[in-house]
Structures are given as structure tokens and as C-alpha cells.
Amino acid sequence: MLTARRESLLGLVVDEYVETALPVSSRALVARHGLGVSPATVRNELAKLEDEGYITHPHTSAGRVPSDRGYRYYVEALMTEVPLQAEEARTIAHQFHQAEGSLDDWLALAAAVLAASVANAVVVTRPHGAAPRVRNVQLVQLRRDVALMVVVLDDGAVRERVLPVSDSTDQSELHALAERLGEHVAGRSAAHIRRDVESMEDEELRALAGTVVDLAEEHRSWHETFLEGLPALLAQPEFASGEQMLEAVRRLEGYEVGRLLESAEPAAPGDTRVLIGSENPDHEMHDWSMVVARYGGGDAAGTVAVVGPTRMHYERTIPRVRFVAALMGNLVNETRS
């Protein structure tokens, strides 16, 4: 544990650096905060904080910046969360309840609303589970010899595949076939359907059920993400160069970001997890922080995350991630009830 004075100074260094993105000097701390001690005393205390790994000293500056360990101590012991004001909470909740459309519309809205609130990048993943169940199946004629299979899963996902059909098959026959197929697959997971495929006597139904299994299993390995807030993120000093901007976009828009969030998500809905710098499981994200919350539950859970540089307003970000995740959880539960 740090002494009270060092705790106070660490908190001031974090607050100053997050606000200004400039290394913090002992003289600036004394001048701005009326600490009642000399710059030399503050300089000695900062040196001890540096020796203990809570702050670091950039080679080109006389000031200090927080280390990953310093941010972690700040988040766990020093910061006071800035909760949503009643008007902000009402505005966000109203936007969700006024939105009409698919789950995808809600996911995109969640990312956009949170990004506007925290002025940082936000990634929201579609709810997924270990074994999504098939809600229903439709077959739609596209032309005389081609049909579209539409599989709706119970987590709100829609998967499609174009299939060849007999030249003589019309839409009424496809509708009847989809109803028969639904009797075998509706309400069941891919694993359950697969066990019964081989026992189906109707060859056509067996082939279609196999396609349903393929689509459901593809969905399990597909981590679709909704990204908002890139302009606010790239406006930060950490991404001043074009190369840094391109690298940030590559990391956030890459396929693996969904898997990264899944590995970082809290165990229980409603919990919030903060990963700072080197705590991230991906070494390429060691200059980044993530505030991640899980929404939903059971076999339909997703993640809401703010992703940005370690110089982050954690005190504002954490309660807002938690609030949006709770709204998303309620919406997912309502659609499943």
C-alpha cells in the first residue's frame, strides 16, 4: 500500500496526464494544486513512485506519466466513478426504447450511443452462446431452380444460404418443405440436429437439415462486431501520425477483435472488467485499455466494450459501459421471453 501522500500524488499524476496527454512535473503539481510542500518534496515522492513502478519517466521530458501498474492502482483504490446524471440516463434509455427494428439495429445503436458518451472507440459483439438453437427456417424461391434458406437462431442471428432446387418446385412446395423441416430442427441446437440427421428417411429433408447444422455451427465461430467512435479515438494524441492511425484501425476492424473481447469478458452479466495495457491477452494491445461488460446470459450473451489508449477516463467510462450493457441485457431478455 502507498502512503496517503503518494496516493494523492499518483491520483493527481493520473488525472493531469489523462486530461492533458502531457508528462506531469513536480513544479506543475505544486503550482496547480497548492499542495503546501516544495517542488523538491514532490519530486522526491514522485521518484519513489517511479522506483515502485507506479509512474514512469519519458526520456525526452522532465515529467512523469502513469504506468500500467499506476493506472491499475488508480482504478482499484483511488478513483471515484462519475455516474450518469439522471438526464443522461433518461436520454440513453429513451433512445433504446424508441428504436424499432432488429437486434442488429440495437447493437449498432448501443455502440453509437456509448461512443458519443465516452468519446472513445466502442465495440459491441452480437450475443452468442455455446449452443444456439434454431428458432425457425424459411425457404424462399429466388428463381425457377434456386432457393434461399433463411435460418433464424434464438440469439437473434439470421444465417442464409443459396441452394439449388428442382426446376419444377414452386414457392408453395418450398413453404411446405420448410414446415416439415421445422418439425425436425426448431428449438434444437446444431449438435442435437446432427445426431438425428442420419436417421431421417427423407433424403431431401436430410440434406436440408445438414445445411441448417452447417449454418448454425458457422455462426458459433463468427464473432460479428459493431464498431463506433473511430473519429474520436483517432483524434487523440496517441494517434497523431498516419501510421499510428492505420494501425489503430487495423486492430479494431480486424476479425480477431471479437475473439479478443470474448476472452476478456467478465464471467457474469452485469460485471465490468478493466484490462490495462500489458494485462491484455494480445501483446499487440499492450498500449491499449479495454473496459468490458457482458450483457445477456445463458446461451445468448454478448459484450460491450470501450477500447482506447491506456490514457483513458476510467472514472467516466466504467459506469457508462455498465449502464449500456444493462440496457442491452434487458432488451435481449425481452426478445427471448
# chains A, B, ... in the order shown; residues from 1 in each chain; ligands from 1
$ select_by_dssp --residues "stretch 64-302 of chain A" --states "strand (DSSP E or B)" --output "short mmCIF file (atom, residue, chain, number, x, y, z; two decimals) with all heavy atoms, in the first residue's frame"
data_model
loop_
_atom_site.label_atom_id
_atom_site.label_comp_id
_atom_site.auth_asym_id
_atom_site.auth_seq_id
_atom_site.Cartn_x
_atom_site.Cartn_y
_atom_site.Cartn_z
N ARG A 64 6.48 13.05 -15.45
CA ARG A 64 6.17 11.63 -15.33
C ARG A 64 4.81 11.32 -15.95
O ARG A 64 3.95 12.19 -16.05
CB ARG A 64 6.13 11.21 -13.86
CG ARG A 64 7.43 10.66 -13.31
CD ARG A 64 8.36 11.74 -12.87
NE ARG A 64 9.48 11.20 -12.08
CZ ARG A 64 10.37 11.95 -11.47
NH1 ARG A 64 10.31 13.26 -11.55
NH2 ARG A 64 11.35 11.39 -10.77
N VAL A 65 4.66 10.04 -16.31
CA VAL A 65 3.37 9.56 -16.80
C VAL A 65 3.04 8.27 -16.05
O VAL A 65 3.95 7.56 -15.59
CB VAL A 65 3.40 9.30 -18.33
CG1 VAL A 65 3.74 10.57 -19.10
CG2 VAL A 65 4.37 8.19 -18.67
N PRO A 66 1.76 7.92 -15.93
CA PRO A 66 1.40 6.69 -15.21
C PRO A 66 1.85 5.45 -15.97
O PRO A 66 1.85 5.42 -17.20
CB PRO A 66 -0.13 6.76 -15.14
CG PRO A 66 -0.48 8.18 -15.45
CD PRO A 66 0.58 8.69 -16.35
N ALA A 121 -13.46 4.78 -28.79
CA ALA A 121 -13.94 3.70 -29.63
C ALA A 121 -14.75 2.71 -28.81
O ALA A 121 -14.41 2.41 -27.66
CB ALA A 121 -12.78 2.99 -30.31
N VAL A 122 -15.82 2.19 -29.41
CA VAL A 122 -16.69 1.22 -28.75
C VAL A 122 -16.90 0.04 -29.68
O VAL A 122 -17.13 0.22 -30.88
CB VAL A 122 -18.06 1.84 -28.39
CG1 VAL A 122 -19.01 0.78 -27.86
CG2 VAL A 122 -17.88 2.95 -27.36
N VAL A 123 -16.79 -1.16 -29.13
CA VAL A 123 -17.04 -2.38 -29.88
C VAL A 123 -18.12 -3.16 -29.14
O VAL A 123 -18.02 -3.39 -27.93
CB VAL A 123 -15.77 -3.25 -30.02
CG1 VAL A 123 -16.08 -4.52 -30.80
CG2 VAL A 123 -14.66 -2.46 -30.69
N VAL A 124 -19.16 -3.55 -29.86
CA VAL A 124 -20.24 -4.37 -29.30
C VAL A 124 -20.30 -5.65 -30.11
O VAL A 124 -20.30 -5.61 -31.34
CB VAL A 124 -21.59 -3.64 -29.35
CG1 VAL A 124 -22.71 -4.52 -28.79
CG2 VAL A 124 -21.52 -2.33 -28.55
N THR A 125 -20.35 -6.78 -29.43
CA THR A 125 -20.45 -8.05 -30.14
C THR A 125 -21.88 -8.58 -30.07
O THR A 125 -22.59 -8.37 -29.09
CB THR A 125 -19.50 -9.12 -29.56
OG1 THR A 125 -19.90 -9.45 -28.23
CG2 THR A 125 -18.07 -8.61 -29.55
N HIS A 128 -23.98 -14.38 -28.38
CA HIS A 128 -23.69 -15.71 -28.90
C HIS A 128 -23.60 -16.67 -27.72
O HIS A 128 -23.48 -16.26 -26.58
CB HIS A 128 -22.38 -15.72 -29.69
CG HIS A 128 -21.21 -15.28 -28.86
ND1 HIS A 128 -20.90 -13.94 -28.67
CD2 HIS A 128 -20.30 -15.97 -28.14
CE1 HIS A 128 -19.85 -13.84 -27.88
NE2 HIS A 128 -19.45 -15.06 -27.55
N ARG A 133 -29.86 -22.25 -30.52
CA ARG A 133 -30.92 -23.12 -31.03
C ARG A 133 -31.59 -22.47 -32.24
O ARG A 133 -31.62 -21.25 -32.37
CB ARG A 133 -31.96 -23.40 -29.95
CG ARG A 133 -31.38 -24.14 -28.76
CD ARG A 133 -32.42 -24.35 -27.66
NE ARG A 133 -31.82 -25.00 -26.50
CZ ARG A 133 -31.70 -26.31 -26.37
NH1 ARG A 133 -32.16 -27.12 -27.31
NH2 ARG A 133 -31.14 -26.83 -25.29
N VAL A 134 -32.13 -23.30 -33.10
CA VAL A 134 -32.82 -22.83 -34.29
C VAL A 134 -34.21 -22.38 -33.90
O VAL A 134 -34.96 -23.11 -33.25
CB VAL A 134 -32.89 -23.94 -35.35
CG1 VAL A 134 -33.73 -23.49 -36.55
CG2 VAL A 134 -31.49 -24.35 -35.79
N ARG A 135 -34.55 -21.15 -34.28
CA ARG A 135 -35.90 -20.66 -34.00
C ARG A 135 -36.85 -21.04 -35.12
O ARG A 135 -37.92 -21.58 -34.89
CB ARG A 135 -35.89 -19.14 -33.81
CG ARG A 135 -37.26 -18.55 -33.50
CD ARG A 135 -37.18 -17.07 -33.17
NE ARG A 135 -36.45 -16.86 -31.91
CZ ARG A 135 -36.12 -15.67 -31.45
NH1 ARG A 135 -36.41 -14.59 -32.15
NH2 ARG A 135 -35.49 -15.56 -30.30
N ASN A 136 -36.48 -20.74 -36.36
CA ASN A 136 -37.29 -21.20 -37.49
C ASN A 136 -36.47 -21.20 -38.77
O ASN A 136 -35.38 -20.63 -38.82
CB ASN A 136 -38.57 -20.34 -37.65
CG ASN A 136 -38.26 -18.90 -37.97
OD1 ASN A 136 -37.68 -18.59 -39.00
ND2 ASN A 136 -38.66 -18.00 -37.07
N VAL A 137 -37.03 -21.86 -39.79
CA VAL A 137 -36.37 -21.98 -41.09
C VAL A 137 -37.36 -21.61 -42.17
O VAL A 137 -38.54 -22.01 -42.12
CB VAL A 137 -35.86 -23.42 -41.33
CG1 VAL A 137 -35.17 -23.52 -42.68
CG2 VAL A 137 -34.92 -23.85 -40.23
N GLN A 138 -36.90 -20.85 -43.15
CA GLN A 138 -37.73 -20.50 -44.28
C GLN A 138 -36.99 -20.85 -45.57
O GLN A 138 -35.75 -20.78 -45.63
CB GLN A 138 -38.07 -19.00 -44.27
CG GLN A 138 -38.83 -18.53 -43.05
CD GLN A 138 -39.01 -17.02 -43.04
OE1 GLN A 138 -38.92 -16.36 -44.09
NE2 GLN A 138 -39.25 -16.47 -41.87
N LEU A 139 -37.75 -21.20 -46.60
CA LEU A 139 -37.21 -21.43 -47.93
C LEU A 139 -37.94 -20.50 -48.90
O LEU A 139 -39.16 -20.53 -48.99
CB LEU A 139 -37.39 -22.89 -48.35
CG LEU A 139 -36.59 -23.91 -47.54
CD1 LEU A 139 -37.05 -25.34 -47.88
CD2 LEU A 139 -35.10 -23.78 -47.81
N VAL A 140 -37.16 -19.67 -49.58
CA VAL A 140 -37.74 -18.65 -50.46
C VAL A 140 -37.22 -18.86 -51.88
O VAL A 140 -36.00 -18.96 -52.10
CB VAL A 140 -37.37 -17.23 -49.98
CG1 VAL A 140 -37.99 -16.18 -50.91
CG2 VAL A 140 -37.80 -17.02 -48.54
N GLN A 141 -38.14 -18.95 -52.84
CA GLN A 141 -37.74 -19.16 -54.22
C GLN A 141 -37.15 -17.88 -54.80
O GLN A 141 -37.76 -16.81 -54.75
CB GLN A 141 -38.95 -19.60 -55.06
CG GLN A 141 -38.58 -20.07 -56.45
CD GLN A 141 -39.74 -20.76 -57.15
OE1 GLN A 141 -40.89 -20.38 -56.96
NE2 GLN A 141 -39.44 -21.77 -57.96
N LEU A 142 -35.94 -17.99 -55.34
CA LEU A 142 -35.29 -16.85 -55.97
C LEU A 142 -35.51 -16.86 -57.48
O LEU A 142 -35.75 -15.82 -58.09
CB LEU A 142 -33.78 -16.86 -55.67
CG LEU A 142 -33.40 -16.74 -54.18
CD1 LEU A 142 -31.89 -16.76 -54.03
CD2 LEU A 142 -33.97 -15.46 -53.57
N ARG A 143 -35.39 -18.03 -58.06
CA ARG A 143 -35.76 -18.23 -59.46
C ARG A 143 -36.14 -19.70 -59.61
O ARG A 143 -36.20 -20.44 -58.63
CB ARG A 143 -34.63 -17.83 -60.42
CG ARG A 143 -33.32 -18.57 -60.27
CD ARG A 143 -32.37 -18.15 -61.38
NE ARG A 143 -31.19 -19.00 -61.43
CZ ARG A 143 -30.01 -18.68 -60.93
NH1 ARG A 143 -29.86 -17.50 -60.33
NH2 ARG A 143 -28.99 -19.51 -61.02
N VAL A 146 -33.49 -22.13 -58.06
CA VAL A 146 -32.67 -21.66 -56.94
C VAL A 146 -33.57 -21.17 -55.81
O VAL A 146 -34.53 -20.43 -56.05
CB VAL A 146 -31.71 -20.53 -57.37
CG1 VAL A 146 -30.94 -20.00 -56.17
CG2 VAL A 146 -30.75 -21.02 -58.44
N ALA A 147 -33.26 -21.57 -54.58
CA ALA A 147 -33.99 -21.11 -53.40
C ALA A 147 -33.01 -20.57 -52.37
O ALA A 147 -31.82 -20.91 -52.37
CB ALA A 147 -34.82 -22.24 -52.80
N LEU A 148 -33.52 -19.73 -51.48
CA LEU A 148 -32.74 -19.17 -50.39
C LEU A 148 -33.21 -19.78 -49.08
O LEU A 148 -34.40 -19.71 -48.75
CB LEU A 148 -32.89 -17.65 -50.33
CG LEU A 148 -32.18 -16.93 -49.17
CD1 LEU A 148 -30.66 -16.99 -49.36
CD2 LEU A 148 -32.66 -15.49 -49.06
N MET A 149 -32.29 -20.42 -48.34
CA MET A 149 -32.62 -20.91 -47.00
C MET A 149 -32.29 -19.81 -46.00
O MET A 149 -31.17 -19.28 -45.99
CB MET A 149 -31.84 -22.17 -46.65
CG MET A 149 -32.05 -22.62 -45.19
SD MET A 149 -31.07 -24.07 -44.73
CE MET A 149 -32.05 -25.38 -45.48
N VAL A 150 -33.25 -19.47 -45.15
CA VAL A 150 -33.06 -18.47 -44.10
C VAL A 150 -33.25 -19.17 -42.76
O VAL A 150 -34.33 -19.69 -42.47
CB VAL A 150 -34.06 -17.31 -44.24
CG1 VAL A 150 -33.82 -16.28 -43.14
CG2 VAL A 150 -33.98 -16.68 -45.61
N VAL A 151 -32.20 -19.19 -41.95
CA VAL A 151 -32.24 -19.83 -40.63
C VAL A 151 -32.14 -18.74 -39.57
O VAL A 151 -31.18 -17.96 -39.55
CB VAL A 151 -31.09 -20.83 -40.46
CG1 VAL A 151 -31.10 -21.44 -39.05
CG2 VAL A 151 -31.18 -21.93 -41.51
N VAL A 152 -33.15 -18.66 -38.70
CA VAL A 152 -33.16 -17.70 -37.61
C VAL A 152 -32.82 -18.45 -36.33
O VAL A 152 -33.49 -19.43 -35.98
CB VAL A 152 -34.53 -17.01 -37.48
CG1 VAL A 152 -34.50 -15.99 -36.35
CG2 VAL A 152 -34.92 -16.34 -38.79
N LEU A 153 -31.78 -17.97 -35.61
CA LEU A 153 -31.36 -18.60 -34.37
C LEU A 153 -31.94 -17.84 -33.17
O LEU A 153 -32.35 -16.68 -33.29
CB LEU A 153 -29.83 -18.63 -34.29
CG LEU A 153 -29.15 -19.38 -35.44
CD1 LEU A 153 -27.64 -19.21 -35.36
CD2 LEU A 153 -29.52 -20.85 -35.43
N VAL A 158 -29.37 -14.19 -38.02
CA VAL A 158 -30.01 -14.71 -39.23
C VAL A 158 -28.90 -15.18 -40.17
O VAL A 158 -27.99 -14.42 -40.51
CB VAL A 158 -30.87 -13.65 -39.93
CG1 VAL A 158 -31.47 -14.21 -41.21
CG2 VAL A 158 -31.96 -13.14 -39.00
N ARG A 159 -28.97 -16.44 -40.58
CA ARG A 159 -27.98 -17.01 -41.49
C ARG A 159 -28.68 -17.46 -42.76
O ARG A 159 -29.82 -17.95 -42.72
CB ARG A 159 -27.26 -18.19 -40.85
CG ARG A 159 -26.64 -17.89 -39.50
CD ARG A 159 -25.49 -16.93 -39.60
NE ARG A 159 -24.30 -17.56 -40.12
CZ ARG A 159 -23.19 -16.90 -40.48
NH1 ARG A 159 -23.16 -15.59 -40.41
NH2 ARG A 159 -22.15 -17.55 -40.93
N GLU A 160 -28.01 -17.27 -43.89
CA GLU A 160 -28.64 -17.57 -45.18
C GLU A 160 -27.70 -18.39 -46.06
O GLU A 160 -26.47 -18.29 -45.95
CB GLU A 160 -28.99 -16.27 -45.90
CG GLU A 160 -29.95 -15.36 -45.14
CD GLU A 160 -30.17 -14.04 -45.86
OE1 GLU A 160 -29.37 -13.70 -46.76
OE2 GLU A 160 -31.15 -13.36 -45.51
N ARG A 161 -28.32 -19.17 -46.94
CA ARG A 161 -27.54 -19.90 -47.94
C ARG A 161 -28.40 -20.15 -49.18
O ARG A 161 -29.58 -20.50 -49.05
CB ARG A 161 -27.02 -21.23 -47.40
CG ARG A 161 -26.17 -21.99 -48.42
CD ARG A 161 -25.41 -23.13 -47.80
NE ARG A 161 -24.41 -22.65 -46.85
CZ ARG A 161 -23.62 -23.44 -46.13
NH1 ARG A 161 -23.73 -24.75 -46.25
NH2 ARG A 161 -22.73 -22.94 -45.31
N VAL A 162 -27.82 -19.95 -50.34
CA VAL A 162 -28.49 -20.21 -51.61
C VAL A 162 -28.34 -21.68 -51.95
O VAL A 162 -27.24 -22.24 -51.88
CB VAL A 162 -27.92 -19.32 -52.72
CG1 VAL A 162 -28.54 -19.68 -54.06
CG2 VAL A 162 -28.14 -17.85 -52.41
N LEU A 163 -29.48 -22.31 -52.33
CA LEU A 163 -29.48 -23.75 -52.59
C LEU A 163 -30.09 -24.04 -53.96
O LEU A 163 -31.04 -23.36 -54.38
CB LEU A 163 -30.31 -24.49 -51.53
CG LEU A 163 -29.90 -24.30 -50.07
CD1 LEU A 163 -30.95 -24.95 -49.17
CD2 LEU A 163 -28.53 -24.89 -49.82
N PRO A 164 -29.60 -25.05 -54.65
CA PRO A 164 -30.26 -25.47 -55.90
C PRO A 164 -31.51 -26.29 -55.56
O PRO A 164 -31.54 -27.03 -54.57
CB PRO A 164 -29.20 -26.34 -56.56
CG PRO A 164 -28.39 -26.89 -55.44
CD PRO A 164 -28.37 -25.82 -54.39
N SER A 189 -30.49 -27.42 -30.97
CA SER A 189 -29.15 -26.96 -31.29
C SER A 189 -28.58 -27.77 -32.46
O SER A 189 -29.12 -28.82 -32.82
CB SER A 189 -28.23 -27.12 -30.08
OG SER A 189 -28.01 -28.49 -29.81
N THR A 225 -18.91 -7.93 -34.98
CA THR A 225 -18.76 -6.79 -34.09
C THR A 225 -19.35 -5.53 -34.73
O THR A 225 -19.40 -5.39 -35.94
CB THR A 225 -17.27 -6.53 -33.78
OG1 THR A 225 -16.57 -6.29 -35.01
CG2 THR A 225 -16.65 -7.71 -33.06
N PHE A 226 -19.77 -4.61 -33.87
CA PHE A 226 -20.29 -3.31 -34.28
C PHE A 226 -19.36 -2.26 -33.68
O PHE A 226 -19.21 -2.19 -32.46
CB PHE A 226 -21.73 -3.13 -33.80
CG PHE A 226 -22.70 -4.09 -34.43
CD1 PHE A 226 -22.76 -5.41 -34.02
CD2 PHE A 226 -23.53 -3.68 -35.46
CE1 PHE A 226 -23.63 -6.32 -34.60
CE2 PHE A 226 -24.41 -4.57 -36.06
CZ PHE A 226 -24.46 -5.89 -35.63
N LEU A 227 -18.72 -1.49 -34.54
CA LEU A 227 -17.69 -0.54 -34.12
C LEU A 227 -18.17 0.88 -34.36
O LEU A 227 -18.64 1.22 -35.44
CB LEU A 227 -16.40 -0.81 -34.91
CG LEU A 227 -15.26 0.20 -34.76
CD1 LEU A 227 -14.73 0.20 -33.33
CD2 LEU A 227 -14.14 -0.11 -35.74
N GLU A 228 -18.01 1.73 -33.34
CA GLU A 228 -18.30 3.16 -33.46
C GLU A 228 -17.22 3.93 -32.72
O GLU A 228 -16.49 3.38 -31.89
CB GLU A 228 -19.67 3.49 -32.86
CG GLU A 228 -20.86 2.95 -33.64
CD GLU A 228 -21.14 3.70 -34.92
OE1 GLU A 228 -20.54 4.78 -35.12
OE2 GLU A 228 -21.94 3.22 -35.73
N THR A 272 -18.19 -5.77 -14.69
CA THR A 272 -17.37 -4.99 -15.59
C THR A 272 -15.91 -5.33 -15.34
O THR A 272 -15.46 -5.41 -14.19
CB THR A 272 -17.58 -3.48 -15.37
OG1 THR A 272 -18.97 -3.18 -15.48
CG2 THR A 272 -16.80 -2.67 -16.40
N ARG A 273 -15.17 -5.57 -16.41
CA ARG A 273 -13.76 -5.91 -16.30
C ARG A 273 -12.93 -4.86 -17.00
O ARG A 273 -13.26 -4.43 -18.10
CB ARG A 273 -13.51 -7.29 -16.91
CG ARG A 273 -12.10 -7.81 -16.70
CD ARG A 273 -11.93 -9.20 -17.31
NE ARG A 273 -10.57 -9.70 -17.11
CZ ARG A 273 -10.07 -10.75 -17.74
NH1 ARG A 273 -10.82 -11.42 -18.61
NH2 ARG A 273 -8.84 -11.14 -17.52
N VAL A 274 -11.84 -4.45 -16.37
CA VAL A 274 -10.94 -3.45 -16.93
C VAL A 274 -9.59 -4.11 -17.18
O VAL A 274 -8.98 -4.66 -16.26
CB VAL A 274 -10.76 -2.25 -15.99
CG1 VAL A 274 -9.84 -1.21 -16.61
CG2 VAL A 274 -12.12 -1.63 -15.65
N LEU A 275 -9.12 -4.09 -18.43
CA LEU A 275 -7.80 -4.60 -18.79
C LEU A 275 -6.95 -3.43 -19.23
O LEU A 275 -7.34 -2.68 -20.13
CB LEU A 275 -7.89 -5.64 -19.91
CG LEU A 275 -8.39 -7.02 -19.48
CD1 LEU A 275 -9.91 -7.06 -19.52
CD2 LEU A 275 -7.83 -8.10 -20.39
N ILE A 276 -5.80 -3.27 -18.58
CA ILE A 276 -4.96 -2.11 -18.79
C ILE A 276 -3.62 -2.53 -19.38
O ILE A 276 -2.88 -3.31 -18.77
CB ILE A 276 -4.73 -1.35 -17.47
CG1 ILE A 276 -6.07 -0.87 -16.90
CG2 ILE A 276 -3.78 -0.18 -17.67
CD1 ILE A 276 -5.97 -0.31 -15.49
N TRP A 288 -3.00 -0.43 -25.09
CA TRP A 288 -4.42 -0.14 -25.06
C TRP A 288 -5.04 -0.58 -23.74
O TRP A 288 -4.51 -1.44 -23.05
CB TRP A 288 -5.13 -0.89 -26.19
CG TRP A 288 -4.70 -0.52 -27.57
CD1 TRP A 288 -3.48 -0.76 -28.15
CD2 TRP A 288 -5.47 0.14 -28.56
NE1 TRP A 288 -3.46 -0.31 -29.44
CE2 TRP A 288 -4.67 0.27 -29.72
CE3 TRP A 288 -6.78 0.64 -28.58
CZ2 TRP A 288 -5.13 0.88 -30.88
CZ3 TRP A 288 -7.23 1.24 -29.75
CH2 TRP A 288 -6.42 1.37 -30.88
N SER A 289 -6.19 0.00 -23.45
CA SER A 289 -7.02 -0.48 -22.35
C SER A 289 -8.40 -0.83 -22.88
O SER A 289 -8.85 -0.29 -23.90
CB SER A 289 -7.16 0.59 -21.26
OG SER A 289 -5.98 0.68 -20.49
N MET A 290 -9.06 -1.76 -22.18
CA MET A 290 -10.41 -2.16 -22.54
C MET A 290 -11.26 -2.19 -21.28
O MET A 290 -10.85 -2.74 -20.25
CB MET A 290 -10.44 -3.54 -23.20
CG MET A 290 -9.64 -3.63 -24.49
SD MET A 290 -9.98 -5.16 -25.42
CE MET A 290 -9.48 -6.41 -24.24
N VAL A 291 -12.43 -1.59 -21.35
CA VAL A 291 -13.43 -1.71 -20.30
C VAL A 291 -14.56 -2.53 -20.88
O VAL A 291 -15.24 -2.10 -21.81
CB VAL A 291 -13.94 -0.33 -19.84
CG1 VAL A 291 -14.99 -0.48 -18.74
CG2 VAL A 291 -12.77 0.53 -19.34
N VAL A 292 -14.76 -3.74 -20.36
CA VAL A 292 -15.62 -4.74 -20.98
C VAL A 292 -16.72 -5.15 -20.01
O VAL A 292 -16.46 -5.43 -18.85
CB VAL A 292 -14.82 -5.99 -21.40
CG1 VAL A 292 -15.69 -6.96 -22.20
CG2 VAL A 292 -13.59 -5.60 -22.19
N ALA A 293 -17.95 -5.19 -20.51
CA ALA A 293 -19.07 -5.70 -19.73
C ALA A 293 -19.81 -6.73 -20.56
O ALA A 293 -19.90 -6.62 -21.79
CB ALA A 293 -20.02 -4.59 -19.31
N ARG A 294 -20.35 -7.72 -19.90
CA ARG A 294 -21.13 -8.76 -20.56
C ARG A 294 -22.61 -8.44 -20.41
O ARG A 294 -23.05 -7.97 -19.37
CB ARG A 294 -20.82 -10.11 -19.92
CG ARG A 294 -21.49 -11.30 -20.57
CD ARG A 294 -21.11 -12.57 -19.83
NE ARG A 294 -21.79 -13.73 -20.37
CZ ARG A 294 -21.80 -14.92 -19.78
NH1 ARG A 294 -21.18 -15.08 -18.63
NH2 ARG A 294 -22.43 -15.93 -20.33
N TYR A 295 -23.37 -8.67 -21.47
CA TYR A 295 -24.82 -8.49 -21.39
C TYR A 295 -25.52 -9.77 -21.81
O TYR A 295 -24.96 -10.61 -22.51
CB TYR A 295 -25.29 -7.31 -22.24
CG TYR A 295 -25.20 -7.53 -23.74
CD1 TYR A 295 -26.25 -8.11 -24.44
CD2 TYR A 295 -24.06 -7.16 -24.45
CE1 TYR A 295 -26.17 -8.32 -25.81
CE2 TYR A 295 -23.98 -7.37 -25.81
CZ TYR A 295 -25.03 -7.95 -26.49
OH TYR A 295 -24.95 -8.16 -27.84
N GLY A 296 -26.76 -9.91 -21.41
CA GLY A 296 -27.49 -11.13 -21.70
C GLY A 296 -27.06 -12.23 -20.76
O GLY A 296 -26.51 -11.98 -19.67
N GLY A 297 -27.28 -13.45 -21.15
CA GLY A 297 -26.90 -14.57 -20.30
C GLY A 297 -27.26 -15.88 -20.95
O GLY A 297 -27.88 -15.93 -22.02
N ALA A 300 -27.19 -16.71 -24.84
CA ALA A 300 -27.29 -15.50 -25.67
C ALA A 300 -26.63 -14.34 -24.93
O ALA A 300 -27.29 -13.46 -24.40
CB ALA A 300 -28.75 -15.17 -25.99
N ALA A 301 -25.31 -14.36 -24.88
CA ALA A 301 -24.55 -13.33 -24.19
C ALA A 301 -23.60 -12.66 -25.16
O ALA A 301 -23.01 -13.30 -26.02
CB ALA A 301 -23.77 -13.92 -23.02
N GLY A 302 -23.46 -11.35 -25.03
CA GLY A 302 -22.52 -10.59 -25.84
C GLY A 302 -21.71 -9.66 -24.96
O GLY A 302 -21.84 -9.66 -23.74
#
$ residues_around --residues "A:Ser117" --least-positions-apart "4" --cutoff "9 Å" --atoms "only C-alpha atoms" --output "VMD selection string"
chain A and resid 88 112 to 113 316 to 317 320
$ closest_residue --among "A:Leu177, A:Leu230, A:Ala264, A:Val185" --to "A:Ala209" --atoms "only C-alpha atoms"
A:Val185
$ closest_residue --among "A:Met200, A:Ile193, A:Leu9, A:Val212" --to "A:Ala178" --atoms "only C-alpha atoms"
A:Val212
$ residues_around --residues "A:Asp145" --least-positions-apart "3" --cutoff "6 Å" --atoms "only C-alpha atoms" --output "ChimeraX atom specification"
/A:164-167
$ select_by_dssp --residues "stretch 124-234 of chain A" --states "alpha helix (DSSP H)" --output "ChimeraX atom specification"
/A:171-185,190-197,203-220,230-234
$ residues_around --residues "A:Gly11" --least-positions-apart "2" --cutoff "8 Å" --atoms "only C-alpha atoms" --output "MDAnalysis selection string"
chainID A and resid 7:9 13:15 74 78:79
$ write_last_selection --atoms "N, CA and C atoms" --output "CSV table (one decimal), in the first residue's frame"
chain,number,residue,atom,x,y,z
A,7,GLU,N,-0.3,8.3,-2.6
A,7,GLU,CA,-1.6,8.0,-3.2
A,7,GLU,C,-2.2,9.3,-3.8
A,8,SER,N,-2.1,10.4,-3.0
A,8,SER,CA,-2.7,11.7,-3.5
A,8,SER,C,-1.9,12.1,-4.8
A,9,LEU,N,-0.6,12.0,-4.7
A,9,LEU,CA,0.2,12.4,-5.9
A,9,LEU,C,0.0,11.5,-7.1
A,13,VAL,N,-1.2,12.8,-10.7
A,13,VAL,CA,-0.5,12.5,-12.0
A,13,VAL,C,-1.4,11.8,-13.0
A,14,VAL,N,-2.2,10.9,-12.6
A,14,VAL,CA,-3.1,10.2,-13.5
A,14,VAL,C,-4.1,11.2,-14.0
A,15,ASP,N,-4.8,12.0,-13.2
A,15,ASP,CA,-5.8,12.9,-13.6
A,15,ASP,C,-5.2,14.0,-14.6
A,74,TYR,N,-4.9,3.2,-9.5
A,74,TYR,CA,-5.8,4.3,-9.6
A,74,TYR,C,-7.3,3.7,-9.7
A,78,LEU,N,-8.2,4.5,-6.0
A,78,LEU,CA,-8.1,6.0,-5.9
A,78,LEU,C,-9.3,6.7,-6.6
A,79,MET,N,-9.7,6.2,-7.7
A,79,MET,CA,-10.7,7.0,-8.5
A,79,MET,C,-12.1,6.9,-7.9
$ atom_distance --atom1 "atom CA of A:Asn120" --atom2 "atom CA of A:Leu233"
4.9 Å
$ atom_distance --atom1 "atom CA of A:Glu19" --atom2 "atom CA of A:Gly270"
28.4 Å
